[in-house]
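Student: Can you read through this structure? Questions will come right after.
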Amino acid sequence: MEDFTQHKAQLIMALRGQGILSATVLSALENIPRELFVPESLHQHAYENASLPIALDQTISQPYVVARMTEALELTGRERVLEIGTGSGYQAAILTLLCRRVYTLERLKPLLVTAENKLRSLRISNISFRLGDGSLGWPEAAPFDRIILTCGCHKIPDKLLNQLKIGGIMVAPEGLGKNQQLVVVKRQEAGFERKHLMAVTFVPLIEGKQDE
Ligand code: SAH
């Protein structure tokens, strides 16, 4: 087993330097072994503050982006959170440490199965996995306290916004290509309040039937 302690400490320091202030978010990033979620050939790079390729042309997000999105969700430990785009399962694993239960949706079966096995190996059990088109959300488990979209869309699907509780928060990359922005949406009685967080680059949300 390689020892990543030093790399990990450097990453946490870098994230602090970038303005990630939440102690609970930083400690979640410290506690989930990112090396488990990247291909074995990239283990040496697991704690670089960079996105990395995973299987099927998808990516595991940059730790800074994971931290910013997680922080923006303002989790207290009691929430039910919907994630669209399980990918490697890394963001989902972080969320399980900070909320009551995670519901994660992925359209590519091999990624979903791999992610499920990894979380099981970490003995994480407050999570449900589902194969399907995340743009439809997860109506049977809705409404959610929080929703996190980890693939880019032209415009946040209404079906997702409608599965957010009043008082709930959704974080999503909106817009395509160079104009993509991380948007934080708060649902109020009177409607949706939106705020831009920063520019990002996510792989696209693909709507419709999943290809295996
Ligand atoms: N959260 C992931 C990164 C996700 S990459 C992590 O921590 O590793 C984006 C993922 O969204 C990809 O795995 C892609 O297959 C998935 N995706 C794209 N469109 C989707 C859709 N309509 N429904 C569910 N998942 C989708």
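Letters for chains follow the order of the structure tokens (A, B, ...), residue numbers begin at 1 for each chain, and ligand numbers begin at 1 in the order shown.
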Write out as a PyMOL selection string each polymer residue whose atoms come within 6 Å of region 141-157 of chain A, counting only C-alpha atoms; drop sequence neighbours fewer than 3 positions from it.

Tutor: chain A and resi 79-85+138+160+163-165+168-176+202-205

Student: Show which residues sit within 10 Å of Thr114 (chain A), as a PyMOL selection string. Count only C-alpha atoms, and ignore same-chain residues fewer than 6 positions away.

Tutor: chain A and resi 37+55+87-89+120

Student: Include C-alpha atoms and write out the residues we just selected as a PDB file, in the first residue's frame.

Tutor:
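Everything below was put into result.pdb:
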ATOM      1  CA  PHE A  37     -11.612   6.379  -7.379  1.00  0.00           C
ATOM      2  CA  ALA A  55     -13.474   4.888 -17.685  1.00  0.00           C
ATOM      3  CA  GLY A  87     -19.149   8.780 -12.376  1.00  0.00           C
ATOM      4  CA  SER A  88     -16.375   7.392 -10.164  1.00  0.00           C
ATOM      5  CA  GLY A  89     -18.508   7.702  -7.015  1.00  0.00           C
ATOM      6  CA  ARG A 120     -19.313  -0.889  -0.404  1.00  0.00           C
TER       7      ARG A 120
END

Student: Out of region 30-190 of chain A, which residues get strand (DSSP E or B) from DSSP, as a PyMOL selection string?

Tutor: chain A and resi 52-53+59-60+80-84+101-106+127-131+144-149+152-153+164-174+181-188

Student: Name all residues at most 9 Å from region 10-12 of chain A (count only C-alpha atoms; drop same-chain ones fewer than 3 positions away) and give them as a ChimeraX atom specification.

Tutor: /A:5-7,15-17,26-27,29-30,47-49,63

Student: Have a look at A:Val184, A:Val38, A:Ala72, A:Leu105 and name the one nearest to ligand 1; count only C-alpha atoms and all ligand atoms.

Tutor: A:Leu105

Student: In terms of the shortest atom-to-atom distance over only C-alpha atoms and all ligand atoms, which of A:Arg107, A:Arg68, A:Lys8, A:His43 is closest to ligand 1?

Tutor: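 Counting only C-alpha atoms and all ligand atoms, the residue closest to ligand 1 is A:Arg107.
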
Student: Can you tell me which residues surround Arg78 (chain A) at a distance of at most 10 Å, considering only C-alpha atoms, apart from same-chain residues fewer than 3 positions away, and format the answer as a PyMOL selection string?

Tutor: chain A and resi 75+81+98-101+145

Student: If you run DSSP on the backbone here, which positions in region 2-137 of chain A get helix (DSSP H, G or I)? Please write them as JSON, numbers by chain.

Tutor: {"A": [5, 6, 7, 8, 9, 10, 11, 12, 13, 14, 15, 16, 17, 23, 24, 25, 26, 27, 28, 29, 30, 31, 34, 35, 36, 37, 40, 41, 42, 43, 44, 45, 63, 64, 65, 66, 67, 68, 69, 70, 71, 72, 90, 91, 92, 93, 94, 95, 96, 109, 110, 111, 112, 113, 114, 115, 116, 117, 118, 119, 120, 121, 134, 135, 136]}

Student: Using Å and a single decimal, report how far CA of Thr24 (chain A) sits from CA of Thr104 (chain A).

Tutor: 21.0 Å

Student: Of the candidates A:Glu2, A:Thr86, A:Asp133, A:Ser41, which shows the shortest atom-to-atom distance to Gly208 (chain A), using only C-alpha atoms?

Tutor: A:Asp133

Student: So how far away is CA of Ala93 (chain A) from CA of Leu119 (chain A), in Å?

Tutor: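 Spanning CA of Leu119 (chain A) to CA of Ala93 (chain A) is a straight-line distance of 6.7 Å.
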